[in-house]
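Student: What follows is run-v5.pdb; its format and atoms are PDB, C-alpha atoms.
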MODEL        1
ATOM      1  CA  MET A  56    -180.520   6.211 -57.576
ATOM      2  CA  LYS A  57    -183.231   3.796 -56.501
ATOM      3  CA  ALA A  58    -182.886   0.088 -57.187
ATOM      4  CA  LYS A  59    -185.918   0.031 -59.453
ATOM      5  CA  ALA A  60    -184.599   2.889 -61.577
ATOM      6  CA  GLN A  61    -181.227   1.134 -61.857
ATOM      7  CA  ALA A  62    -182.950  -2.060 -62.914
ATOM      8  CA  HIS A  63    -184.908  -0.145 -65.560
ATOM      9  CA  LEU A  64    -181.721   1.430 -66.901
ATOM     10  CA  TRP A  65    -180.210  -2.033 -67.181
ATOM     11  CA  LEU A  66    -183.272  -3.345 -68.998
ATOM     12  CA  ALA A  67    -183.335  -0.309 -71.302
ATOM     13  CA  GLN A  68    -179.718  -0.894 -72.249
ATOM     14  CA  ARG A  69    -180.263  -4.584 -72.977
ATOM     15  CA  ALA A  70    -183.457  -3.959 -74.935
ATOM     16  CA  SER A  71    -181.911  -1.132 -76.966
ATOM     17  CA  ALA A  72    -178.893  -3.377 -77.668
ATOM     18  CA  ALA A  73    -181.245  -5.976 -79.135
ATOM     19  CA  VAL A  74    -182.867  -3.330 -81.361
ATOM     20  CA  LEU A  75    -179.454  -1.969 -82.369
ATOM     21  CA  GLY A  76    -178.193  -5.434 -83.281
ATOM     22  CA  LEU A  77    -180.965  -5.736 -85.845
ATOM     23  CA  CYS A  78    -180.715  -2.116 -87.033
ATOM     24  CA  VAL A  79    -176.958  -2.313 -87.621
ATOM     25  CA  LEU A  80    -177.383  -5.487 -89.685
ATOM     26  CA  VAL A  81    -180.077  -3.933 -91.870
ATOM     27  CA  HIS A  82    -178.106  -0.685 -92.159
ATOM     28  CA  LEU A  83    -174.854  -2.396 -93.184
ATOM     29  CA  ALA A  84    -176.556  -4.764 -95.603
ATOM     30  CA  THR A  85    -178.334  -1.844 -97.256
ATOM     31  CA  MET A  86    -175.136   0.197 -97.513
ATOM     32  CA  ILE A  87    -173.191  -2.677 -99.061
ATOM     33  CA  TYR A  88    -176.031  -3.387-101.497
ATOM     34  CA  ALA A  89    -176.303   0.295-102.442
ATOM     35  CA  VAL A  90    -172.568   0.678-103.075
ATOM     36  CA  ARG A  91    -172.222  -2.558-105.029
ATOM     37  CA  GLY A  92    -175.169  -1.580-107.207
ATOM     38  CA  GLY A  93    -173.328   1.634-108.075
ATOM     39  CA  LEU A  94    -176.018   3.944-106.754
ATOM     40  CA  SER A  95    -175.150   7.653-106.610
ATOM     41  CA  ALA A  96    -176.064   9.938-103.707
ATOM     42  CA  ALA A  97    -178.857  11.352-105.837
ATOM     43  CA  ASP A  98    -180.198   7.843-106.495
ATOM     44  CA  ILE A  99    -180.147   7.037-102.792
ATOM     45  CA  LEU A 100    -181.902  10.281-101.878
ATOM     46  CA  GLY A 101    -184.445   9.531-104.594
ATOM     47  CA  ARG A 102    -185.299   6.276-102.814
ATOM     48  CA  THR A 103    -185.305   7.570 -99.253
ATOM     49  CA  SER A 104    -187.198  10.815 -99.898
ATOM     50  CA  GLY A 105    -190.786  10.448 -98.834
ATOM     51  CA  ASN A 106    -190.257   6.789 -97.925
ATOM     52  CA  ALA A 107    -192.096   6.345 -94.625
ATOM     53  CA  ALA A 108    -190.656   2.859 -94.017
ATOM     54  CA  TRP A 109    -187.035   4.081 -94.154
ATOM     55  CA  PHE A 110    -187.975   7.091 -92.048
ATOM     56  CA  ALA A 111    -189.511   4.830 -89.393
ATOM     57  CA  PHE A 112    -186.550   2.448 -89.475
ATOM     58  CA  TYR A 113    -183.940   5.154 -88.981
ATOM     59  CA  THR A 114    -186.058   6.903 -86.344
ATOM     60  CA  VAL A 115    -186.050   3.665 -84.329
ATOM     61  CA  PHE A 116    -182.300   3.373 -84.950
ATOM     62  CA  VAL A 117    -181.622   6.896 -83.639
ATOM     63  CA  LEU A 118    -183.849   6.443 -80.585
ATOM     64  CA  ALA A 119    -182.163   3.133 -79.710
ATOM     65  CA  ILE A 120    -178.766   4.843 -79.903
ATOM     66  CA  ALA A 121    -179.979   7.708 -77.736
ATOM     67  CA  VAL A 122    -181.067   5.180 -75.092
ATOM     68  CA  HIS A 123    -178.115   2.805 -75.363
ATOM     69  CA  ALA A 124    -175.072   5.077 -75.603
ATOM     70  CA  PRO A 125    -175.625   7.280 -72.519
ATOM     71  CA  ILE A 126    -176.256   4.256 -70.257
ATOM     72  CA  GLY A 127    -173.021   2.650 -71.419
ATOM     73  CA  LEU A 128    -171.154   5.933 -70.986
ATOM     74  CA  ARG A 129    -172.562   6.147 -67.467
ATOM     75  CA  ALA A 130    -170.568   3.078 -66.406
ATOM     76  CA  ILE A 131    -167.463   4.240 -68.281
ATOM     77  CA  LEU A 132    -167.575   7.637 -66.550
ATOM     78  CA  VAL A 133    -167.658   5.968 -63.113
ATOM     79  CA  GLU A 134    -164.934   3.461 -63.843
ATOM     80  CA  TRP A 135    -162.521   5.599 -65.829
ATOM     81  CA  ALA A 136    -163.200   9.140 -64.633
ATOM     82  CA  GLY A 137    -164.742   8.604 -61.194
ATOM     83  CA  TRP A 138    -167.660  10.854 -62.183
ATOM     84  CA  ARG A 139    -170.877   9.840 -60.433
ATOM     85  CA  GLY A 140    -174.011  11.388 -59.002
ATOM     86  CA  ARG A 141    -176.607  13.782 -60.314
ATOM     87  CA  SER A 142    -174.272  15.998 -62.351
ATOM     88  CA  ARG A 143    -173.192  12.978 -64.409
ATOM     89  CA  ASP A 144    -176.785  11.868 -65.001
ATOM     90  CA  ILE A 145    -177.837  15.371 -66.100
ATOM     91  CA  ALA A 146    -174.859  15.557 -68.477
ATOM     92  CA  LEU A 147    -175.812  12.181 -69.924
ATOM     93  CA  ALA A 148    -179.460  13.222 -70.334
ATOM     94  CA  CYS A 149    -178.173  16.229 -72.317
ATOM     95  CA  PHE A 150    -175.994  13.894 -74.386
ATOM     96  CA  SER A 151    -179.055  11.759 -75.118
ATOM     97  CA  VAL A 152    -180.988  14.825 -76.315
ATOM     98  CA  TYR A 153    -177.970  15.778 -78.455
ATOM     99  CA  LEU A 154    -178.002  12.329 -80.085
ATOM    100  CA  VAL A 155    -181.736  12.521 -80.791
ATOM    101  CA  TYR A 156    -181.445  16.046 -82.220
ATOM    102  CA  PHE A 157    -178.567  15.396 -84.603
ATOM    103  CA  GLY A 158    -179.714  11.880 -85.431
ATOM    104  CA  MET A 159    -183.206  13.018 -86.343
ATOM    105  CA  ARG A 160    -181.768  15.957 -88.265
ATOM    106  CA  ALA A 161    -179.945  13.474 -90.490
ATOM    107  CA  VAL A 162    -183.000  11.229 -90.808
ATOM    108  CA  THR A 163    -185.303  14.082 -91.819
ATOM    109  CA  ALA A 164    -182.653  15.382 -94.251
ATOM    110  CA  VAL A 165    -182.763  12.172 -96.331
ATOM    111  CA  PHE A 166    -186.541  11.855 -95.948
ATOM    112  CA  ARG A 167    -187.361  15.309 -97.289
TER     113      ARG A 167
ATOM    114  CA  MET B 940    -136.336 -23.219 -58.035
ATOM    115  CA  ARG B 941    -136.340 -19.439 -58.190
ATOM    116  CA  VAL B 942    -139.153 -17.783 -56.236
ATOM    117  CA  SER B 943    -140.028 -14.067 -56.150
ATOM    118  CA  VAL B 944    -141.994 -13.039 -53.076
ATOM    119  CA  TRP B 945    -143.599  -9.657 -52.431
ATOM    120  CA  ARG B 946    -142.063  -7.868 -49.458
ATOM    121  CA  GLY B 947    -143.376  -4.765 -47.697
ATOM    122  CA  GLY B 948    -146.628  -2.863 -48.147
ATOM    123  CA  ALA B 949    -148.130  -1.235 -51.233
ATOM    124  CA  GLY B 950    -144.781   0.362 -52.080
ATOM    125  CA  GLY B 951    -142.800  -2.855 -51.612
ATOM    126  CA  ALA B 952    -140.936  -4.986 -54.117
ATOM    127  CA  PHE B 953    -140.323  -8.625 -55.010
ATOM    128  CA  GLN B 954    -137.488 -10.428 -53.272
ATOM    129  CA  ARG B 955    -135.777 -13.457 -54.820
ATOM    130  CA  PHE B 956    -135.329 -16.763 -52.973
ATOM    131  CA  GLU B 957    -133.943 -20.169 -53.967
ATOM    132  CA  VAL B 958    -136.210 -22.946 -52.706
ATOM    133  CA  PRO B 959    -135.571 -26.698 -53.170
ATOM    134  CA  ARG B 960    -138.174 -28.590 -55.191
ATOM    135  CA  GLN B 961    -140.021 -31.406 -53.412
ATOM    136  CA  PRO B 962    -142.480 -33.968 -54.743
ATOM    137  CA  SER B 963    -146.146 -32.901 -54.395
ATOM    138  CA  GLN B 964    -145.008 -29.483 -53.195
ATOM    139  CA  THR B 965    -147.679 -26.804 -52.867
ATOM    140  CA  VAL B 966    -147.145 -23.057 -53.141
ATOM    141  CA  LEU B 967    -147.991 -22.819 -49.430
ATOM    142  CA  ASP B 968    -145.154 -25.288 -48.746
ATOM    143  CA  VAL B 969    -142.826 -22.928 -50.608
ATOM    144  CA  VAL B 970    -143.947 -19.898 -48.575
ATOM    145  CA  THR B 971    -143.657 -21.882 -45.340
ATOM    146  CA  TYR B 972    -140.136 -23.059 -46.287
ATOM    147  CA  ILE B 973    -139.052 -19.474 -46.910
ATOM    148  CA  GLN B 974    -140.423 -18.318 -43.572
ATOM    149  CA  ARG B 975    -139.045 -21.217 -41.551
ATOM    150  CA  VAL B 976    -135.642 -21.614 -43.208
ATOM    151  CA  LEU B 977    -134.692 -18.524 -45.190
ATOM    152  CA  ASP B 978    -136.353 -15.472 -43.656
ATOM    153  CA  PRO B 979    -138.482 -15.663 -40.480
ATOM    154  CA  THR B 980    -139.730 -12.075 -40.974
ATOM    155  CA  LEU B 981    -141.938 -13.079 -43.932
ATOM    156  CA  ALA B 982    -145.608 -12.410 -43.114
ATOM    157  CA  TYR B 983    -148.328 -14.606 -44.607
ATOM    158  CA  ARG B 984    -151.674 -16.010 -43.574
ATOM    159  CA  PHE B 985    -152.891 -19.607 -43.511
ATOM    160  CA  ALA B 986    -154.830 -21.927 -41.232
ATOM    161  CA  CYS B 987    -156.178 -25.282 -42.395
ATOM    162  CA  ARG B 988    -153.739 -26.178 -45.256
ATOM    163  CA  VAL B 989    -156.427 -28.322 -46.905
ATOM    164  CA  GLY B 990    -158.701 -25.907 -48.776
ATOM    165  CA  MET B 991    -161.361 -25.445 -46.142
ATOM    166  CA  CYS B 992    -160.659 -22.131 -44.445
ATOM    167  CA  GLY B 993    -159.949 -19.787 -47.363
ATOM    168  CA  SER B 994    -157.215 -17.796 -45.638
ATOM    169  CA  CYS B 995    -154.127 -18.617 -47.751
ATOM    170  CA  ALA B 996    -155.214 -17.066 -51.073
ATOM    171  CA  MET B 997    -152.437 -15.128 -52.802
ATOM    172  CA  THR B 998    -151.503 -13.976 -56.272
ATOM    173  CA  VAL B 999    -149.434 -16.803 -57.750
ATOM    174  CA  ASN B1000    -147.848 -16.076 -61.135
ATOM    175  CA  GLY B1001    -150.404 -13.351 -61.746
ATOM    176  CA  LYS B1002    -153.514 -15.320 -60.765
ATOM    177  CA  ALA B1003    -155.345 -15.356 -57.459
ATOM    178  CA  ARG B1004    -155.330 -18.911 -56.071
ATOM    179  CA  TRP B1005    -155.415 -20.894 -52.861
ATOM    180  CA  THR B1006    -151.744 -21.564 -52.199
ATOM    181  CA  CYS B1007    -152.515 -24.714 -50.185
ATOM    182  CA  ARG B1008    -154.289 -26.376 -53.114
ATOM    183  CA  THR B1009    -151.994 -25.150 -55.866
ATOM    184  CA  HIS B1010    -149.193 -27.529 -56.763
ATOM    185  CA  VAL B1011    -145.877 -26.036 -57.773
ATOM    186  CA  ASP B1012    -145.774 -28.508 -60.692
ATOM    187  CA  LEU B1013    -148.930 -26.985 -62.117
ATOM    188  CA  VAL B1014    -147.719 -23.385 -61.854
ATOM    189  CA  LEU B1015    -144.250 -24.167 -63.239
ATOM    190  CA  LYS B1016    -145.908 -25.625 -66.318
ATOM    191  CA  GLU B1017    -147.051 -22.085 -67.112
ATOM    192  CA  LYS B1018    -143.708 -20.401 -66.360
ATOM    193  CA  GLU B1019    -140.227 -21.464 -65.232
ATOM    194  CA  GLU B1020    -140.224 -19.460 -62.008
ATOM    195  CA  LEU B1021    -142.672 -18.761 -59.247
ATOM    196  CA  SER B1022    -143.913 -15.320 -58.232
ATOM    197  CA  ILE B1023    -146.003 -14.982 -55.088
ATOM    198  CA  GLY B1024    -147.717 -11.742 -54.107
ATOM    199  CA  PRO B1025    -150.619 -10.574 -51.956
ATOM    200  CA  LEU B1026    -154.195 -10.651 -53.301
ATOM    201  CA  ARG B1027    -155.071  -7.756 -55.595
ATOM    202  CA  ASN B1028    -157.814  -5.185 -54.912
ATOM    203  CA  LEU B1029    -157.148  -5.265 -51.166
ATOM    204  CA  PRO B1030    -154.794  -3.054 -49.128
ATOM    205  CA  VAL B1031    -151.515  -4.826 -48.347
ATOM    206  CA  ILE B1032    -150.653  -4.907 -44.652
ATOM    207  CA  ARG B1033    -147.245  -6.494 -45.100
ATOM    208  CA  ASP B1034    -145.682  -8.997 -47.487
ATOM    209  CA  LEU B1035    -148.381 -11.529 -48.424
ATOM    210  CA  VAL B1036    -151.008 -10.382 -45.921
ATOM    211  CA  THR B1037    -153.894  -8.184 -47.075
ATOM    212  CA  ASP B1038    -156.441  -6.260 -45.049
ATOM    213  CA  MET B1039    -159.743  -8.020 -45.765
ATOM    214  CA  ARG B1040    -161.981  -5.657 -43.775
ATOM    215  CA  GLU B1041    -163.433  -3.936 -46.818
ATOM    216  CA  PHE B1042    -164.108  -7.308 -48.448
ATOM    217  CA  PHE B1043    -166.182  -8.476 -45.469
ATOM    218  CA  ASP B1044    -167.752  -5.061 -44.848
ATOM    219  CA  LYS B1045    -169.178  -5.336 -48.349
ATOM    220  CA  TRP B1046    -170.886  -8.609 -47.404
ATOM    221  CA  ALA B1047    -172.616  -6.669 -44.641
ATOM    222  CA  ARG B1048    -173.487  -3.838 -47.055
ATOM    223  CA  ALA B1049    -175.033  -6.401 -49.417
ATOM    224  CA  LYS B1050    -177.097  -7.619 -46.451
ATOM    225  CA  GLY B1051    -175.349 -10.963 -46.614
ATOM    226  CA  TYR B1052    -176.986 -12.253 -43.457
ATOM    227  CA  PHE B1053    -180.077 -14.387 -42.973
ATOM    228  CA  GLU B1054    -183.249 -12.765 -41.657
ATOM    229  CA  GLY B1055    -185.899 -15.372 -41.006
ATOM    230  CA  ALA B1056    -189.568 -14.785 -40.251
ATOM    231  CA  ARG B1057    -189.940 -17.666 -37.781
ATOM    232  CA  THR B1058    -189.265 -17.742 -34.080
ATOM    233  CA  ARG B1059    -188.166 -20.591 -31.828
ATOM    234  CA  HIS B1060    -191.845 -21.311 -31.161
ATOM    235  CA  ASP B1061    -192.538 -22.112 -34.795
ATOM    236  CA  ASP B1062    -192.001 -25.452 -36.447
ATOM    237  CA  PHE B1063    -188.965 -26.011 -38.721
ATOM    238  CA  ALA B1064    -189.312 -24.671 -42.238
ATOM    239  CA  LYS B1065    -189.531 -27.526 -44.699
ATOM    240  CA  VAL B1066    -187.424 -26.747 -47.739
ATOM    241  CA  SER B1067    -187.397 -29.343 -50.482
ATOM    242  CA  PRO B1068    -183.897 -30.003 -51.823
ATOM    243  CA  GLU B1069    -185.582 -30.613 -55.173
ATOM    244  CA  GLY B1070    -187.090 -27.128 -55.345
ATOM    245  CA  GLU B1071    -185.804 -24.890 -58.187
ATOM    246  CA  ALA B1072    -184.887 -22.048 -55.821
ATOM    247  CA  ARG B1073    -183.096 -24.360 -53.400
ATOM    248  CA  LYS B1074    -181.049 -25.899 -56.234
ATOM    249  CA  GLN B1075    -179.860 -22.417 -57.168
ATOM    250  CA  VAL B1076    -178.913 -21.740 -53.545
ATOM    251  CA  ASP B1077    -177.032 -25.049 -53.363
ATOM    252  CA  ALA B1078    -175.004 -24.123 -56.452
ATOM    253  CA  ALA B1079    -173.771 -20.941 -54.772
ATOM    254  CA  ILE B1080    -173.746 -21.651 -51.037
ATOM    255  CA  GLU B1081    -170.314 -23.265 -50.611
ATOM    256  CA  CYS B1082    -168.374 -19.984 -50.693
ATOM    257  CA  ILE B1083    -165.762 -19.828 -47.920
ATOM    258  CA  GLY B1084    -164.881 -16.155 -48.361
ATOM    259  CA  CYS B1085    -161.303 -16.584 -49.586
ATOM    260  CA  GLY B1086    -161.359 -13.416 -51.691
ATOM    261  CA  VAL B1087    -160.036 -15.041 -54.900
ATOM    262  CA  CYS B1088    -163.008 -13.780 -56.929
ATOM    263  CA  TYR B1089    -162.724 -10.291 -55.445
ATOM    264  CA  ALA B1090    -159.013 -10.117 -56.280
ATOM    265  CA  SER B1091    -159.695 -11.333 -59.834
ATOM    266  CA  CYS B1092    -162.504  -8.860 -60.587
ATOM    267  CA  ASP B1093    -161.689  -5.975 -62.949
ATOM    268  CA  VAL B1094    -164.771  -4.032 -61.897
ATOM    269  CA  VAL B1095    -163.566  -3.985 -58.264
ATOM    270  CA  ALA B1096    -160.260  -2.556 -59.528
ATOM    271  CA  TRP B1097    -162.032   0.171 -61.528
ATOM    272  CA  ASN B1098    -164.833   0.980 -59.108
ATOM    273  CA  PRO B1099    -163.715   0.518 -55.478
ATOM    274  CA  ASP B1100    -167.316   0.891 -54.246
ATOM    275  CA  TYR B1101    -168.401  -2.199 -56.197
ATOM    276  CA  LEU B1102    -169.631  -4.842 -53.753
ATOM    277  CA  GLY B1103    -167.811  -7.584 -55.637
ATOM    278  CA  PRO B1104    -168.631 -11.161 -56.645
ATOM    279  CA  ALA B1105    -168.500 -12.801 -53.203
ATOM    280  CA  ALA B1106    -170.865 -10.375 -51.461
ATOM    281  CA  LEU B1107    -173.294 -10.434 -54.398
ATOM    282  CA  ASN B1108    -173.140 -14.228 -54.556
ATOM    283  CA  ARG B1109    -174.041 -14.358 -50.869
ATOM    284  CA  ALA B1110    -176.933 -11.941 -51.425
ATOM    285  CA  TRP B1111    -178.137 -14.183 -54.273
ATOM    286  CA  THR B1112    -178.240 -17.260 -51.994
ATOM    287  CA  LEU B1113    -180.479 -15.282 -49.622
ATOM    288  CA  VAL B1114    -182.688 -13.929 -52.396
ATOM    289  CA  LYS B1115    -183.405 -17.524 -53.414
ATOM    290  CA  ASP B1116    -183.909 -18.681 -49.804
ATOM    291  CA  GLU B1117    -187.643 -19.183 -49.310
ATOM    292  CA  ARG B1118    -187.371 -18.596 -45.526
ATOM    293  CA  GLU B1119    -185.786 -15.179 -46.021
ATOM    294  CA  LYS B1120    -187.880 -12.087 -45.276
ATOM    295  CA  GLY B1121    -185.404  -9.241 -45.859
ATOM    296  CA  ASN B1122    -185.188  -9.429 -49.619
ATOM    297  CA  ALA B1123    -186.842  -6.109 -50.483
ATOM    298  CA  ALA B1124    -184.157  -4.228 -48.569
ATOM    299  CA  ARG B1125    -181.484  -6.620 -49.838
ATOM    300  CA  LEU B1126    -182.364  -6.055 -53.495
ATOM    301  CA  GLU B1127    -182.329  -2.315 -52.836
ATOM    302  CA  ALA B1128    -178.847  -2.706 -51.325
ATOM    303  CA  VAL B1129    -177.373  -4.790 -54.143
ATOM    304  CA  ALA B1130    -178.772  -2.824 -57.113
ATOM    305  CA  GLY B1131    -177.056  -0.013 -58.868
ATOM    306  CA  ASP B1132    -173.655   1.450 -59.667
ATOM    307  CA  ALA B1133    -171.939  -0.253 -56.748
ATOM    308  CA  GLY B1134    -173.972  -3.444 -57.013
ATOM    309  CA  CYS B1135    -175.055  -6.092 -59.490
ATOM    310  CA  HIS B1136    -175.669  -3.651 -62.349
ATOM    311  CA  ALA B1137    -171.987  -2.690 -62.378
ATOM    312  CA  CYS B1138    -170.946  -6.251 -63.329
ATOM    313  CA  HIS B1139    -169.534  -6.472 -66.875
ATOM    314  CA  THR B1140    -169.897 -10.262 -67.040
ATOM    315  CA  HIS B1141    -166.149 -10.735 -67.610
ATOM    316  CA  MET B1142    -166.522 -13.960 -65.589
ATOM    317  CA  SER B1143    -163.040 -13.821 -64.040
ATOM    318  CA  CYS B1144    -164.667 -14.658 -60.694
ATOM    319  CA  THR B1145    -166.310 -17.732 -62.186
ATOM    320  CA  GLU B1146    -163.102 -18.831 -63.887
ATOM    321  CA  ARG B1147    -160.969 -18.468 -60.760
ATOM    322  CA  CYS B1148    -163.338 -19.605 -57.984
ATOM    323  CA  PRO B1149    -161.637 -22.618 -56.345
ATOM    324  CA  LYS B1150    -165.085 -23.892 -55.271
ATOM    325  CA  HIS B1151    -166.355 -23.748 -58.875
ATOM    326  CA  ILE B1152    -169.131 -21.370 -57.956
ATOM    327  CA  SER B1153    -170.380 -18.969 -60.623
ATOM    328  CA  PRO B1154    -170.906 -15.584 -58.971
ATOM    329  CA  THR B1155    -171.579 -14.285 -62.488
ATOM    330  CA  ALA B1156    -174.715 -16.427 -62.670
ATOM    331  CA  GLY B1157    -175.836 -15.177 -59.254
ATOM    332  CA  ILE B1158    -175.230 -11.558 -60.255
ATOM    333  CA  ALA B1159    -177.249 -12.086 -63.443
ATOM    334  CA  GLY B1160    -179.992 -13.543 -61.237
ATOM    335  CA  LEU B1161    -179.866 -10.462 -59.003
ATOM    336  CA  LYS B1162    -180.243  -8.212 -62.056
ATOM    337  CA  ARG B1163    -183.413 -10.079 -63.015
ATOM    338  CA  ALA B1164    -184.645 -10.104 -59.414
ATOM    339  CA  THR B1165    -184.275  -6.315 -59.066
ATOM    340  CA  LEU B1166    -186.390  -5.929 -62.174
ATOM    341  CA  PHE B1167    -189.246  -8.142 -61.047
ATOM    342  CA  SER B1168    -189.199  -7.372 -57.322
TER     343      SER B1168
ENDMDL
END
What is this structure when it is put down as structure tokens?

Tutor:
Amino acid sequence: MKAKAQAHLWLAQRASAAVLGLCVLVHLATMIYAVRGGLSAADILGRTSGNAAWFAFYTVFVLAIAVHAPIGLRAILVEWAGWRGRSRDIALACFSVYLVYFGMRAVTAVFR
Amino acid sequence: MRVSVWRGGAGGAFQRFEVPRQPSQTVLDVVTYIQRVLDPTLAYRFACRVGMCGSCAMTVNGKARWTCRTHVDLVLKEKEELSIGPLRNLPVIRDLVTDMREFFDKWARAKGYFEGARTRHDDFAKVSPEGEARKQVDAAIECIGCGVCYASCDVVAWNPDYLGPAALNRAWTLVKDEREKGNAARLEAVAGDAGCHACHTHMSCTERCPKHISPTAGIAGLKRATLFS
């Protein structure tokens, strides 16, 4: 892979980590608040359904994961399994699509 | 004092020796005593004995160090006995001697050599010692190629293609050298899975470098440089 592409992967991982840091904080704080307040699943769905702000937030969350996780796995696969080259990158691109698909499926399920 | 010394190649084992303690004794003194008095077949490498040449680095009680500048007193504070082995992450030739070819070949692969634009007909380049770039070069330039950082690096152990801290540190000093003209090719050579982007920032190299250089900082600089080149 070309140096520029490698540098972009590195930047993408750092930038997505920054986004994830914020998203995880908001996500955890919301979960703890919701549980302490004694909200039921139906109550939670009642608040997320049709809420564009929550939809946008979790869409960003899912996309950041889909960027961050495969790049991290890329290094792990080289160091722990010795898997490198194009086949690894194609597998990781598929994994990224998998994360987007199932992540967005969950996001749309609570938005509907 | 009880000393365990690695004998043989990769499949070797530690051999025990009893060595008398001396005041101001260094680990290199211990190895030399063993070779001169107890077992003349012991193979090890050294030259200057004063921390200038970088050839006597070994694994002493689990850590890569210069044996000539490591006092036995200091190591025995950590543990009652001494264990001396060859540097890690390099093939063992015999006993305490490693094959450093790959280590130096990686310097070449990282384009760790100066390529200037001037000829003998040009005037000297004037480089201000106060310049920001030159200060960064100065902080990293004193490497003597002992291999301590390379032996301490986990990423080298996991990914044998990884260029390693010393080669990348050398590349960094050239990237910041304003007389250098080969940096486009150099940044191409040091980027990627085997280069600066493989570094996990564990900082073992920085912690262990006997010259107090921070290859980690240089590698971070290379990551930024590949982005903006």

Student: Skipping near chain neighbours, those fewer than 3 positions away, what residues fall within 12 Å of segment 80-97 of chain A using all atoms listed in the file, listed as a ChimeraX atom specification?

Tutor: /A:73-77,100-104,109,112-113,115-117,165

Student: Select, as number ranges by chain, those residues of chain B with any atom no more than 12 Å from chain A (distances computed using all atoms listed in the file).

Tutor: B: 1093-1101, 1123-1139, 1159-1168

Student: Could you tell me which residues the PyMOL selection byres ((chain B and resi 1117-1119) around 6) returns for this structure, as a list in words?

Tutor: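 Those residues are Glu1054, Gly1055, Asp1116, Lys1120 and Gly1121 of chain B.
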
Student: Let me know the residues the PyMOL selection byres ((chain A and resi 144-157) around 8) catches in the file above, as a list in words.

Tutor: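 That expression, the PyMOL selection byres ((chain A and resi 144-157) around 8), corresponds here to Val117, Leu118, Ile120, Ala121, Val122, Ala124, Pro125, Ile126, Leu128, Arg129, Arg139, Gly140, Arg141, Ser142, Arg143, Gly158, Met159, Arg160 and Ala161 of chain A.
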
Student: What gap, in Å, lies between atom CA of Gly948 of chain B and atom CA of Lys1150 of chain B?

Tutor: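 The value is 28.9 Å.
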
Student: How many Å lie between atom CA of Ala1110 of chain B and atom CA of Thr1058 of chain B, rounded to one decimal?

Tutor: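 Separating atom CA of Ala1110 of chain B from atom CA of Thr1058 of chain B is a distance of 22.1 Å.
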
Student: Have a look at atom CA of Trp945 of chain B and atom CA of Arg1004 of chain B and let me know their distance in Å, one decimal.

Tutor: 15.4 Å

Student: If you apply the PyMOL selection byres ((chain B and resi 1078) around 12) to this file, what residues do you get, as a ChimeraX atom specification?

Tutor: /B:1068,1071-1077,1079-1082,1108-1109,1111-1112,1115,1150-1154,1156-1157

Student: Got a sec: who's within 12 Å of Ile1032 of chain B, counting only C-alpha atoms, leaving out chain neighbours fewer than 5 positions off, as a ChimeraX atom specification?

Tutor: /B:945-951,981-984,1025-1026,1037-1040

Student: Let me make sure I understand: among B:Ala1056, B:Arg941, B:Asp978, B:Pro1149, which one has the smallest atom-to-atom distance to Asn1122 of chain B if we use only C-alpha atoms?

Tutor: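 Smallest distance to Asn1122 of chain B is found for B:Ala1056.
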
Student: Can you tell me, as JSON, the centre and edge lengths (Å, one decimal) of the axis-aligned box enclosing all of segment 1094-1110 of chain B's listed atoms after padding each side by 8 Å?

Tutor:
{"center_x": -168.6, "center_y": -6.7, "center_z": -56.4, "size_x": 32.7, "size_y": 31.3, "size_z": 27.0}

Student: With all atoms listed in the file as the counted atoms, please give the residues lying no more than 9 Å from Phe985 of chain B, apart from itself and same-chain residues fewer than 4 positions off, as a PyMOL selection string.

Tutor: chain B and resi 967+992-996+1006-1007

Student: Need to verify the contact set: segment 958-965 of chain B, 9 Å, all atoms listed in the file, exclusion of same-chain residues closer than 5 positions in sequence. Can you return it as a short mmCIF file (atom, residue, chain, number, x, y, z; two decimals) with C-alpha atoms, keeping the file's coordinate frame?

Tutor:
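The resulting file, part-v4.cif, is reproduced below:
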data_model
loop_
_atom_site.label_atom_id
_atom_site.label_comp_id
_atom_site.auth_asym_id
_atom_site.auth_seq_id
_atom_site.Cartn_x
_atom_site.Cartn_y
_atom_site.Cartn_z
CA MET B 940 -136.34 -23.22 -58.04
CA ARG B 941 -136.34 -19.44 -58.19
CA VAL B 942 -139.15 -17.78 -56.24
CA VAL B 970 -143.95 -19.90 -48.58
CA TYR B 972 -140.14 -23.06 -46.29
CA ILE B 973 -139.05 -19.47 -46.91
CA LEU B 977 -134.69 -18.52 -45.19
CA THR B 1006 -151.74 -21.56 -52.20
CA CYS B 1007 -152.51 -24.71 -50.18
CA ARG B 1008 -154.29 -26.38 -53.11
CA THR B 1009 -151.99 -25.15 -55.87
CA HIS B 1010 -149.19 -27.53 -56.76
CA VAL B 1011 -145.88 -26.04 -57.77
CA ASP B 1012 -145.77 -28.51 -60.69
#

Student: Set the distance at 7 Å and use only C-alpha atoms: which residues neighbour segment 1140-1148 of chain B once local chain neighbours fewer than 6 positions away are removed? I'd like the list as a compact mmCIF listing (two decimals) with C-alpha atoms, keeping the file's coordinate frame.

Tutor:
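Below is the file part21.txt, written as the result:
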# COMPACT_ATOMS: atom_id res chain seq x y z
CA VAL B 1087 -160.04 -15.04 -54.90
CA CYS B 1088 -163.01 -13.78 -56.93
CA SER B 1091 -159.70 -11.33 -59.83
CA CYS B 1092 -162.50 -8.86 -60.59
CA PRO B 1104 -168.63 -11.16 -56.64
CA PRO B 1154 -170.91 -15.58 -58.97
CA THR B 1155 -171.58 -14.28 -62.49

Student: Of the candidates B:Val1114, B:Cys1085, B:Val1014, B:Ala1090, which one gets nearest to Leu1029 of chain B if we count all atoms listed in the file?

Tutor: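 Closest to Leu1029 of chain B, using all atoms listed in the file: B:Ala1090.
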